$ cat final.csv   # CSV, C-alpha atoms and all ligand atoms
chain,number,residue,atom,x,y,z
S,1,MET,CA,42.9,-9.6,52.9
S,2,SER,CA,45.3,-12.5,53.7
S,3,LEU,CA,47.7,-13.5,51.1
S,4,ALA,CA,46.7,-17.2,51.6
S,5,ARG,CA,43.1,-16.3,50.6
S,6,ALA,CA,44.2,-14.4,47.5
S,7,ILE,CA,46.4,-17.3,46.4
S,8,GLU,CA,43.5,-19.7,46.9
S,9,ALA,CA,41.2,-17.5,44.8
S,10,ALA,CA,43.8,-17.4,42.0
S,11,GLU,CA,44.3,-21.2,42.2
S,12,GLN,CA,40.6,-21.8,41.9
S,13,GLY,CA,40.4,-19.4,38.9
S,14,CYS,CA,38.0,-17.0,40.7
S,15,ARG,CA,37.7,-13.5,39.4
S,16,LEU,CA,40.1,-11.5,41.6
S,17,GLU,CA,39.0,-8.5,43.6
S,18,ARG,CA,41.3,-5.5,43.9
S,19,ARG,CA,42.4,-6.3,47.4
S,20,GLU,CA,43.3,-9.8,46.4
S,21,ALA,CA,45.4,-8.5,43.5
S,22,LEU,CA,47.1,-6.1,45.8
S,23,ALA,CA,48.0,-8.9,48.2
S,24,LEU,CA,49.4,-10.9,45.4
S,25,LEU,CA,51.4,-8.1,43.8
S,26,THR,CA,52.9,-6.9,47.1
S,27,GLU,CA,53.3,-10.0,49.2
S,28,ALA,CA,53.4,-13.2,47.1
S,29,GLU,CA,56.7,-15.0,46.3
S,30,LEU,CA,57.9,-14.6,42.7
S,31,THR,CA,57.7,-18.3,42.1
S,32,THR,CA,54.1,-18.4,43.5
S,33,LEU,CA,53.1,-15.7,41.1
S,34,GLY,CA,54.7,-17.6,38.2
S,35,ARG,CA,52.9,-20.8,39.1
S,36,LEU,CA,49.5,-19.1,39.4
S,37,ALA,CA,49.9,-17.1,36.1
S,38,LEU,CA,51.2,-20.1,34.2
S,39,ALA,CA,48.1,-22.1,35.4
S,40,ALA,CA,45.8,-19.3,34.3
S,41,ARG,CA,47.5,-19.0,30.9
S,42,ARG,CA,47.1,-22.7,30.4
S,43,ARG,CA,43.4,-22.4,31.1
S,44,ILE,CA,43.0,-19.7,28.5
S,45,ASN,CA,45.5,-20.5,25.7
S,46,PRO,CA,46.7,-23.8,24.0
S,47,PRO,CA,49.3,-25.0,26.6
S,48,ASN,CA,52.1,-25.9,24.2
S,49,ARG,CA,51.9,-23.0,21.8
S,50,VAL,CA,53.5,-19.6,21.7
S,51,THR,CA,52.6,-17.1,18.9
S,52,TYR,CA,54.4,-14.1,17.3
S,53,CYS,CA,53.7,-11.8,14.4
S,54,VAL,CA,55.9,-10.5,11.7
S,55,ASP,CA,55.5,-6.7,11.3
S,56,ARG,CA,57.1,-3.4,11.2
S,57,ASN,CA,56.5,-0.3,13.3
S,58,ILE,CA,56.3,2.8,11.0
S,59,ASN,CA,56.2,6.2,12.6
S,60,THR,CA,54.8,8.6,10.1
S,61,SER,CA,55.9,11.7,12.0
S,62,ASN,CA,57.9,12.5,15.2
S,63,ILE,CA,56.5,16.0,15.4
S,64,CYS,CA,54.3,16.3,18.5
S,65,LEU,CA,52.6,19.0,20.6
S,66,SER,CA,52.3,16.8,23.7
S,67,ALA,CA,55.9,16.8,25.0
S,68,CYS,CA,55.3,13.9,27.4
S,69,ARG,CA,58.0,13.8,30.0
S,70,PHE,CA,58.7,10.0,29.5
S,71,CYS,CA,59.1,10.3,25.7
S,72,ALA,CA,62.5,10.4,24.0
S,73,PHE,CA,61.0,10.1,20.5
S,74,PHE,CA,59.1,13.3,19.8
S,75,ARG,CA,60.4,16.6,18.5
S,76,PRO,CA,58.4,19.8,19.0
S,77,PRO,CA,57.1,21.6,15.9
S,78,GLY,CA,59.9,23.6,14.1
S,79,HIS,CA,62.7,21.4,15.6
S,80,PRO,CA,65.4,20.6,13.0
S,81,GLU,CA,65.1,16.8,13.7
S,82,GLY,CA,61.4,16.7,13.1
S,83,TYR,CA,60.3,14.6,10.2
S,84,ARG,CA,57.2,13.6,8.3
S,85,LEU,CA,57.3,10.4,6.2
S,86,GLY,CA,56.6,10.8,2.5
S,87,ARG,CA,54.5,8.4,0.4
S,88,ARG,CA,57.6,6.9,-1.4
S,89,GLU,CA,59.4,6.1,1.9
S,90,LEU,CA,56.2,4.7,3.4
S,91,ALA,CA,55.6,2.5,0.3
S,92,GLN,CA,59.2,1.2,0.4
S,93,LYS,CA,58.8,0.3,4.1
S,94,ILE,CA,55.6,-1.6,3.5
S,95,GLN,CA,57.0,-3.4,0.4
S,96,GLU,CA,60.0,-4.6,2.4
S,97,THR,CA,57.7,-5.8,5.2
S,98,LEU,CA,55.7,-7.9,2.8
S,99,GLU,CA,58.9,-9.3,1.2
S,100,LEU,CA,60.0,-10.4,4.7
S,101,GLY,CA,56.7,-12.3,5.3
S,102,GLY,CA,55.1,-9.5,7.3
S,103,THR,CA,51.3,-9.4,7.7
S,104,GLN,CA,50.8,-6.0,9.4
S,105,ILE,CA,52.2,-2.6,9.9
S,106,LEU,CA,51.8,-0.8,13.2
S,107,MET,CA,51.6,2.8,12.2
S,108,GLN,CA,51.7,5.7,14.6
S,109,GLY,CA,52.8,9.3,14.7
S,110,GLY,CA,53.0,12.2,17.2
S,111,LEU,CA,50.2,14.7,17.9
S,112,ASP,CA,51.3,16.5,14.8
S,113,PRO,CA,49.5,19.9,14.3
S,114,GLU,CA,49.7,19.5,10.5
S,115,ILE,CA,48.4,15.9,10.2
S,116,GLY,CA,44.7,15.8,10.8
S,117,LEU,CA,41.9,13.4,10.1
S,118,GLU,CA,41.7,14.0,6.3
S,119,GLU,CA,45.4,13.4,5.7
S,120,THR,CA,45.4,10.3,7.9
S,121,CYS,CA,42.4,8.9,6.1
S,122,ARG,CA,44.2,9.6,2.8
S,123,THR,CA,47.3,7.7,4.0
S,124,ILE,CA,45.4,4.7,5.2
S,125,ALA,CA,43.3,4.6,2.0
S,126,TYR,CA,46.6,4.8,0.0
S,127,ILE,CA,48.0,1.8,1.8
S,128,LYS,CA,44.8,-0.3,1.5
S,129,ASP,CA,44.6,0.6,-2.3
S,130,ASN,CA,48.2,-0.4,-3.0
S,131,PHE,CA,49.2,-3.2,-0.6
S,132,SER,CA,47.6,-6.3,0.9
S,133,ILE,CA,48.6,-5.7,4.5
S,134,HIS,CA,46.7,-5.2,7.8
S,135,VAL,CA,46.8,-1.6,9.0
S,136,HIS,CA,47.1,-1.7,12.8
S,137,ALA,CA,47.4,2.1,13.4
S,138,LEU,CA,47.0,5.1,15.6
S,139,SER,CA,46.2,5.2,19.3
S,140,PRO,CA,43.6,6.9,21.5
S,141,PRO,CA,45.6,10.2,22.0
S,142,GLU,CA,46.0,10.5,18.2
S,143,VAL,CA,42.2,9.8,17.7
S,144,VAL,CA,41.3,12.5,20.3
S,145,HIS,CA,43.8,14.9,18.7
S,146,MET,CA,42.3,14.4,15.2
S,147,ALA,CA,38.7,14.6,16.5
S,148,GLN,CA,39.5,17.9,18.2
S,149,MET,CA,41.2,19.3,15.0
S,150,ALA,CA,38.2,18.2,12.9
S,151,GLY,CA,35.5,19.3,15.4
S,152,LEU,CA,34.0,15.7,15.3
S,153,SER,CA,33.0,13.3,17.9
S,154,ILE,CA,35.2,10.3,18.8
S,155,ALA,CA,32.6,8.0,17.1
S,156,GLU,CA,32.6,10.1,13.9
S,157,THR,CA,36.4,10.2,13.8
S,158,LEU,CA,36.7,6.5,14.2
S,159,GLY,CA,34.0,5.9,11.7
S,160,ARG,CA,35.9,7.9,9.1
S,161,LEU,CA,39.2,6.1,9.8
S,162,MET,CA,37.5,2.7,9.5
S,163,GLU,CA,35.9,3.7,6.2
S,164,ALA,CA,39.4,4.7,5.0
S,165,GLY,CA,40.6,1.2,5.8
S,166,LEU,CA,41.8,1.2,9.5
S,167,ASP,CA,41.8,-2.5,10.4
S,168,SER,CA,42.6,-2.3,14.1
S,169,MET,CA,44.1,0.0,16.7
S,170,PRO,CA,47.1,-0.5,19.0
S,171,GLY,CA,46.6,0.4,22.7
S,172,GLY,CA,49.4,3.0,22.8
S,173,GLY,CA,49.3,6.1,24.9
S,174,ALA,CA,47.8,4.4,27.9
S,175,GLU,CA,50.9,4.6,30.2
S,176,ILE,CA,49.0,4.5,33.5
S,177,LEU,CA,45.3,5.1,33.2
S,178,VAL,CA,45.0,7.3,36.3
S,179,GLU,CA,44.5,11.1,36.0
S,180,ARG,CA,47.1,12.0,38.8
S,181,VAL,CA,49.8,10.2,36.9
S,182,ARG,CA,48.9,11.6,33.5
S,183,ALA,CA,48.8,15.2,34.9
S,184,LEU,CA,52.5,14.7,36.0
S,185,ILE,CA,54.0,12.8,33.0
S,186,SER,CA,51.8,13.7,30.0
S,187,PRO,CA,49.6,16.7,30.7
S,188,GLY,CA,49.3,17.5,27.0
S,189,LYS,CA,47.7,14.2,26.1
S,190,CYS,CA,44.2,12.7,26.4
S,191,SER,CA,42.9,11.8,29.9
S,192,ALA,CA,42.5,8.3,31.2
S,193,GLN,CA,38.8,8.8,30.8
S,194,GLN,CA,39.2,9.8,27.2
S,195,TRP,CA,41.5,6.8,26.5
S,196,LEU,CA,39.0,4.4,27.8
S,197,GLU,CA,36.2,6.1,26.0
S,198,VAL,CA,38.0,5.9,22.6
S,199,MET,CA,38.6,2.1,23.2
S,200,ALA,CA,35.0,1.5,24.3
S,201,THR,CA,33.7,3.4,21.2
S,202,ALA,CA,36.1,1.6,18.9
S,203,HIS,CA,34.8,-1.7,20.2
S,204,ARG,CA,31.2,-0.6,19.9
S,205,LEU,CA,31.9,0.2,16.2
S,206,GLY,CA,33.4,-3.2,15.7
S,207,LEU,CA,37.1,-2.2,15.7
S,208,ASN,CA,39.5,-4.5,17.7
S,209,THR,CA,42.3,-2.9,19.7
S,210,THR,CA,45.0,-3.9,22.1
S,211,ALA,CA,45.8,-2.4,25.5
S,212,THR,CA,49.1,-1.5,27.0
S,213,MET,CA,50.6,-0.3,30.3
S,214,MET,CA,53.9,1.5,30.7
S,215,PHE,CA,54.9,1.2,34.3
S,216,GLY,CA,57.9,1.8,36.6
S,217,HIS,CA,58.0,5.6,36.7
S,218,ILE,CA,56.0,7.7,39.2
S,219,GLU,CA,53.0,5.5,39.7
S,220,THR,CA,52.0,3.7,42.9
S,221,THR,CA,51.2,0.0,43.1
S,222,GLU,CA,47.5,0.8,43.6
S,223,GLU,CA,47.6,2.9,40.5
S,224,ARG,CA,48.9,0.0,38.5
S,225,LEU,CA,46.0,-2.0,39.7
S,226,GLU,CA,43.5,0.8,38.9
S,227,HIS,CA,44.8,0.6,35.4
S,228,LEU,CA,44.2,-3.2,35.1
S,229,PHE,CA,40.7,-3.0,36.7
S,230,SER,CA,39.6,-0.1,34.3
S,231,LEU,CA,40.7,-2.3,31.3
S,232,ARG,CA,38.9,-5.3,32.7
S,233,ARG,CA,35.7,-3.2,33.1
S,234,VAL,CA,35.8,-1.9,29.5
S,235,GLN,CA,36.5,-5.4,28.2
S,236,ASP,CA,33.5,-6.8,30.1
S,237,GLN,CA,31.2,-4.3,28.5
S,238,SER,CA,32.8,-4.8,25.0
S,239,LEU,CA,32.5,-8.6,25.2
S,240,ALA,CA,28.9,-8.3,26.3
S,241,ALA,CA,28.1,-6.1,23.3
S,242,GLY,CA,29.7,-8.7,21.1
S,243,ARG,CA,31.5,-6.5,18.5
S,244,GLY,CA,35.1,-5.3,18.9
S,245,ARG,CA,37.3,-6.1,21.9
S,246,PHE,CA,40.8,-5.9,23.3
S,247,THR,CA,42.7,-8.7,21.7
S,248,ALA,CA,45.7,-8.5,23.9
S,249,PHE,CA,47.4,-6.8,26.8
S,250,ILE,CA,51.0,-5.7,26.5
S,251,PRO,CA,52.7,-4.3,29.7
S,252,TRP,CA,56.2,-2.9,29.5
S,253,THR,CA,58.6,-1.0,31.7
S,254,PHE,CA,59.5,2.7,31.3
S,255,GLN,CA,62.8,3.3,29.7
S,256,PRO,CA,64.2,6.5,31.1
S,257,GLY,CA,67.1,7.2,28.8
S,258,ASN,CA,67.0,10.5,26.9
S,259,THR,CA,63.7,11.5,28.6
S,260,ALA,CA,62.8,14.3,31.0
S,261,LEU,CA,62.4,11.6,33.7
S,262,ALA,CA,66.0,10.3,33.2
S,263,GLU,CA,66.5,10.3,37.0
S,264,VAL,CA,64.0,7.5,37.5
S,265,THR,CA,65.5,4.1,38.4
S,266,PRO,CA,64.2,1.6,35.8
S,267,ALA,CA,62.0,-1.2,37.1
S,268,THR,CA,63.8,-4.5,37.5
S,269,ALA,CA,63.2,-7.7,35.6
S,270,VAL,CA,61.6,-9.1,38.8
S,271,GLU,CA,59.2,-6.2,39.0
S,272,TYR,CA,58.3,-6.8,35.4
S,273,LEU,CA,57.6,-10.5,35.9
S,274,ARG,CA,55.5,-9.8,39.0
S,275,MET,CA,53.4,-7.3,37.1
S,276,LEU,CA,53.0,-9.5,34.1
S,277,ALA,CA,51.9,-12.4,36.3
S,278,VAL,CA,49.3,-10.3,38.2
S,279,SER,CA,48.1,-8.9,34.9
S,280,ARG,CA,47.4,-12.4,33.7
S,281,LEU,CA,45.5,-13.2,36.9
S,282,VAL,CA,43.4,-10.0,37.0
S,283,LEU,CA,42.6,-9.7,33.2
S,284,ASP,CA,40.7,-13.0,33.1
S,285,ASN,CA,38.7,-11.6,30.1
S,286,PHE,CA,41.8,-10.9,28.0
S,287,GLU,CA,42.8,-13.8,25.8
S,288,HIS,CA,46.4,-12.9,25.1
S,289,LEU,CA,49.3,-11.4,27.0
S,290,GLN,CA,52.4,-10.3,25.1
S,291,ALA,CA,56.0,-10.5,26.5
S,292,SER,CA,58.0,-7.3,25.9
S,293,TRP,CA,61.3,-8.4,24.5
S,294,VAL,CA,61.8,-4.9,23.2
S,295,THR,CA,62.2,-3.6,26.7
S,296,GLN,CA,63.3,-6.7,28.6
S,297,GLY,CA,65.6,-8.5,26.1
S,298,ALA,CA,65.5,-12.1,24.9
S,299,LYS,CA,66.2,-13.9,28.2
S,300,ILE,CA,63.5,-12.2,30.3
S,301,ALA,CA,61.1,-12.5,27.4
S,302,GLN,CA,61.7,-16.2,27.5
S,303,VAL,CA,61.1,-16.3,31.3
S,304,SER,CA,57.9,-14.3,30.7
S,305,LEU,CA,56.4,-17.5,29.1
S,306,SER,CA,56.4,-18.9,32.6
S,307,PHE,CA,54.8,-15.8,34.0
S,308,GLY,CA,51.6,-15.6,32.0
S,309,ALA,CA,52.7,-14.5,28.5
S,310,ASP,CA,51.5,-16.6,25.6
S,311,ASP,CA,52.8,-14.4,22.8
S,312,LEU,CA,56.2,-12.9,21.9
S,313,GLY,CA,54.7,-9.9,20.2
S,314,SER,CA,56.2,-9.2,16.9
S,315,THR,CA,59.6,-9.2,15.1
S,316,MET,CA,59.3,-5.4,14.7
S,317,ILE,CA,61.4,-5.2,11.5
S,318,GLU,CA,61.7,-1.5,12.5
S,319,GLU,CA,61.2,0.1,16.0
S,320,ASN,CA,61.9,3.7,16.8
S,321,VAL,CA,60.2,4.7,20.0
S,322,VAL,CA,62.0,2.5,22.6
S,323,ALA,CA,65.2,2.8,20.5
S,324,ALA,CA,65.1,6.6,21.1
S,325,ALA,CA,65.5,5.9,24.8
S,326,GLY,CA,68.8,4.0,24.0
S,327,VAL,CA,67.4,0.5,24.3
S,328,SER,CA,67.8,-1.6,21.1
S,329,HIS,CA,67.1,-5.3,21.4
S,330,ARG,CA,66.6,-7.0,18.0
S,331,LEU,CA,65.1,-10.4,17.4
S,332,ASP,CA,64.0,-12.0,14.1
S,333,ALA,CA,61.4,-14.8,13.6
S,334,ALA,CA,64.1,-17.6,13.8
S,335,GLU,CA,65.3,-16.2,17.2
S,336,LEU,CA,61.7,-16.0,18.5
S,337,GLN,CA,61.2,-19.6,17.5
S,338,ARG,CA,64.4,-20.7,19.3
S,339,LEU,CA,63.4,-18.8,22.5
S,340,ALA,CA,60.0,-20.5,22.6
S,341,GLY,CA,61.4,-23.9,21.5
S,342,ASP,CA,64.0,-23.8,24.3
S,343,MET,CA,61.1,-23.5,26.8
S,344,GLY,CA,59.3,-26.5,25.2
S,345,TYR,CA,56.8,-24.5,23.2
S,346,GLN,CA,56.0,-24.6,19.5
S,347,ALA,CA,56.2,-21.0,18.2
S,348,CYS,CA,53.7,-20.2,15.4
S,349,GLN,CA,53.4,-17.1,13.3
S,350,ARG,CA,50.0,-15.4,13.7
S,351,ASN,CA,48.2,-12.4,12.2
S,352,THR,CA,46.9,-9.4,14.1
S,353,PHE,CA,43.8,-11.4,15.2
S,354,TYR,CA,45.8,-14.3,16.5
S,355,GLN,CA,44.9,-16.6,13.6
S,356,LEU,CA,47.9,-18.8,12.6
S,357,VAL,CA,49.6,-17.8,9.4
F,1,LIG,S1,54.5,9.7,23.8
F,1,LIG,FE1,53.4,10.2,21.9
F,1,LIG,S2,52.1,11.9,22.5
F,1,LIG,FE2,53.7,11.8,24.0
F,1,LIG,S3,55.4,13.2,23.3
F,1,LIG,FE3,55.8,11.1,22.6
F,1,LIG,S4,55.0,11.0,20.5
F,1,LIG,FE4,54.0,12.8,21.6
$ encode --input "final.csv" --output "structure tokens" --more "lines below"
Ligand code: SF4
Amino acid sequence: MSLARAIEAAEQGCRLERREALALLTEAELTTLGRLALAARRRINPPNRVTYCVDRNINTSNICLSACRFCAFFRPPGHPEGYRLGRRELAQKIQETLELGGTQILMQGGLDPEIGLEETCRTIAYIKDNFSIHVHALSPPEVVHMAQMAGLSIAETLGRLMEAGLDSMPGGGAEILVERVRALISPGKCSAQQWLEVMATAHRLGLNTTATMMFGHIETTEERLEHLFSLRRVQDQSLAAGRGRFTAFIPWTFQPGNTALAEVTPATAVEYLRMLAVSRLVLDNFEHLQASWVTQGAKIAQVSLSFGADDLGSTMIEENVVAAAGVSHRLDAAELQRLAGDMGYQACQRNTFYQLV
């Protein structure tokens, strides 16, 4: 595959094949990728608008059986720094989020051996009974963990969570959706196949989700592309069925601090921008791409808007997982608006489903 033909396919808005994506990711000039991704973003999203959400990440527990090698957040069962959030603390965090204009909470925990489906349903039902807020919660590894503990199928488990009030599910725990990679960095967690099955099932049941990718550790370039093409395939099927779907794709770079992979050299900002741009080009059936200011900082998040991102994610009134790796960028709504405004965009607050607030 020649690079020129791959560029031509992208310019014409054709669906990219894997070898075309590979040529672009490995050979194209950075500025060419930016030009192509920005054109694709303008075909899909309102050209002058950037969105963001006001929310808080709440981690209900850091106790986890999985011990993923890239994770600085978890503590094994019995560890003195392990915690489980009580109802009062949870309620306080949600109340503060609402008072700051928040519309959703992103709620996740570890694969905690003492928090199963029943307890999780009770927590979600408690939130929905007491607060007017969107519950964007859990992840495929947590759903698989709870299904196994309860002896239920994925569909039964998701059905129970939705009955309790789960509004949508973040695409966490994807890392790289390739079994070789997962066997090396997260052998205790659900497989790539299971991750994709949970998302396909969620969509079939009418639950919207997002998708993520954490790259820049031990994966190859081809494996990054396998991840993107698996997501595109599931999204094709979900859109054809006409119920739930992936609402957004959020790639970010691995942060090695305080992890068992601390020797890995972090991906550069240029690598991040190249991957973001190629993601925009490959994922032609995803409406939104989020910039990751949490891992990249404000300046690169701003540049991301010229490399295919149309959304600045959320204000994350609280964030614990990336912070555990020693990375702590903070931005509030006013700063997100300024970042977008400096690039000539109008920044608008949105809800979880990208409706303007
Ligand atoms: S990434 Fe999630 S599943 Fe893996 S160790 Fe951390 S908390 Fe547990």
$ residues_near_ligand --input "final.csv" --ligand "ligand LIG 1 (chain F)" --cutoff "8 Å" --atoms "only C-alpha atoms and all ligand atoms" --output "PyMOL selection string"
chain S and resi 62-75+109-111+141-142+173+186+188-189
$ closest_residue --input "final.csv" --among "S:Ile115, S:Thr123, S:Leu100, S:Asn45" --to "Arg87 of chain S" --atoms "all atoms listed in the file"
S:Thr123
$ residues_around --input "final.csv" --residues "Val181 of chain S" --least-positions-apart "2" --cutoff "10 Å" --atoms "all atoms listed in the file" --output "list in words"
Glu175, Ile176, Leu177, Val178, Glu179, Ala183, Leu184, Ile185, Ser186, Pro187, Ser191, Ala192, His217, Ile218, Glu219, Thr220 and Glu223 of chain S
$ atom_distance --input "final.csv" --atom1 "atom CA of Gly341 of chain S" --atom2 "atom CA of Leu106 of chain S"
26.4 Å
$ residues_around --input "final.csv" --residues "segment 143-157 of chain S" --least-positions-apart "4" --cutoff "12 Å" --atoms "all atoms listed in the file" --output "VMD selection string"
chain S and resid 64 to 66 108 to 121 137 to 139 161 to 164 166 169 to 173 188 to 207
$ closest_residue --input "final.csv" --among "S:Glu222, S:Glu99, S:Asp311, S:Glu81" --to "Ile250 of chain S" --atoms "all atoms listed in the file"
S:Asp311
$ residues_around --input "final.csv" --residues "segment 12-14 of chain S" --least-positions-apart "5" --cutoff "12 Å" --atoms "only C-alpha atoms" --output "ChimeraX atom specification"
/S:5-7,20-21,36-44,280-285
$ decode --input "final.csv" --residues "segment 12-29 of chain S" --atoms "N, CA, C and O atoms" --output "CSV table (one decimal), in the first residue's frame"
chain,number,residue,atom,x,y,z
S,12,GLN,N,-10.7,11.6,0.4
S,12,GLN,CA,-12.1,11.4,-0.2
S,12,GLN,C,-13.1,10.9,0.8
S,12,GLN,O,-14.3,10.6,0.4
S,13,GLY,N,-12.7,10.7,2.0
S,13,GLY,CA,-13.7,10.2,3.0
S,13,GLY,C,-14.0,8.8,2.8
S,13,GLY,O,-15.1,8.3,3.3
S,14,CYS,N,-13.2,8.0,2.2
S,14,CYS,CA,-13.5,6.5,2.0
S,14,CYS,C,-13.2,5.8,3.3
S,14,CYS,O,-12.4,6.2,4.1
S,15,ARG,N,-13.9,4.7,3.5
S,15,ARG,CA,-13.7,3.9,4.7
S,15,ARG,C,-12.2,3.3,4.6
S,15,ARG,O,-11.9,2.6,3.5
S,16,LEU,N,-11.4,3.5,5.5
S,16,LEU,CA,-10.0,3.0,5.4
S,16,LEU,C,-9.9,1.5,5.7
S,16,LEU,O,-10.5,1.0,6.6
S,17,GLU,N,-9.0,0.9,4.9
S,17,GLU,CA,-8.7,-0.5,5.2
S,17,GLU,C,-7.5,-0.5,6.2
S,17,GLU,O,-6.8,0.5,6.3
S,18,ARG,N,-7.2,-1.7,6.7
S,18,ARG,CA,-6.2,-1.7,7.7
S,18,ARG,C,-4.8,-1.3,7.2
S,18,ARG,O,-4.1,-0.6,7.8
S,19,ARG,N,-4.5,-1.8,5.9
S,19,ARG,CA,-3.2,-1.4,5.4
S,19,ARG,C,-3.1,0.0,5.1
S,19,ARG,O,-2.0,0.6,5.2
S,20,GLU,N,-4.2,0.7,4.8
S,20,GLU,CA,-4.2,2.1,4.6
S,20,GLU,C,-3.9,2.9,5.9
S,20,GLU,O,-3.1,3.8,6.0
S,21,ALA,N,-4.6,2.4,7.0
S,21,ALA,CA,-4.4,3.0,8.3
S,21,ALA,C,-3.0,2.8,8.7
S,21,ALA,O,-2.4,3.7,9.3
S,22,LEU,N,-2.4,1.6,8.4
S,22,LEU,CA,-1.0,1.4,8.8
S,22,LEU,C,0.0,2.3,8.1
S,22,LEU,O,0.9,2.9,8.7
S,23,ALA,N,-0.3,2.5,6.8
S,23,ALA,CA,0.6,3.4,6.1
S,23,ALA,C,0.5,4.8,6.7
S,23,ALA,O,1.5,5.5,6.8
S,24,LEU,N,-0.7,5.3,7.0
S,24,LEU,CA,-0.9,6.6,7.6
S,24,LEU,C,-0.2,6.7,8.9
S,24,LEU,O,0.5,7.7,9.2
S,25,LEU,N,-0.4,5.7,9.8
S,25,LEU,CA,0.1,5.8,11.1
S,25,LEU,C,1.6,5.8,11.1
S,25,LEU,O,2.3,6.4,12.0
S,26,THR,N,2.2,5.0,10.2
S,26,THR,CA,3.7,4.8,10.3
S,26,THR,C,4.5,5.8,9.4
S,26,THR,O,5.6,6.0,9.6
S,27,GLU,N,3.8,6.3,8.3
S,27,GLU,CA,4.6,7.0,7.3
S,27,GLU,C,4.2,8.4,7.1
S,27,GLU,O,5.0,9.2,6.6
S,28,ALA,N,3.0,8.8,7.4
S,28,ALA,CA,2.5,10.2,7.0
S,28,ALA,C,3.2,11.2,7.9
S,28,ALA,O,3.5,11.0,9.1
S,29,GLU,N,3.3,12.4,7.3
S,29,GLU,CA,3.8,13.6,8.1
S,29,GLU,C,2.8,13.9,9.2
S,29,GLU,O,1.5,13.8,8.9
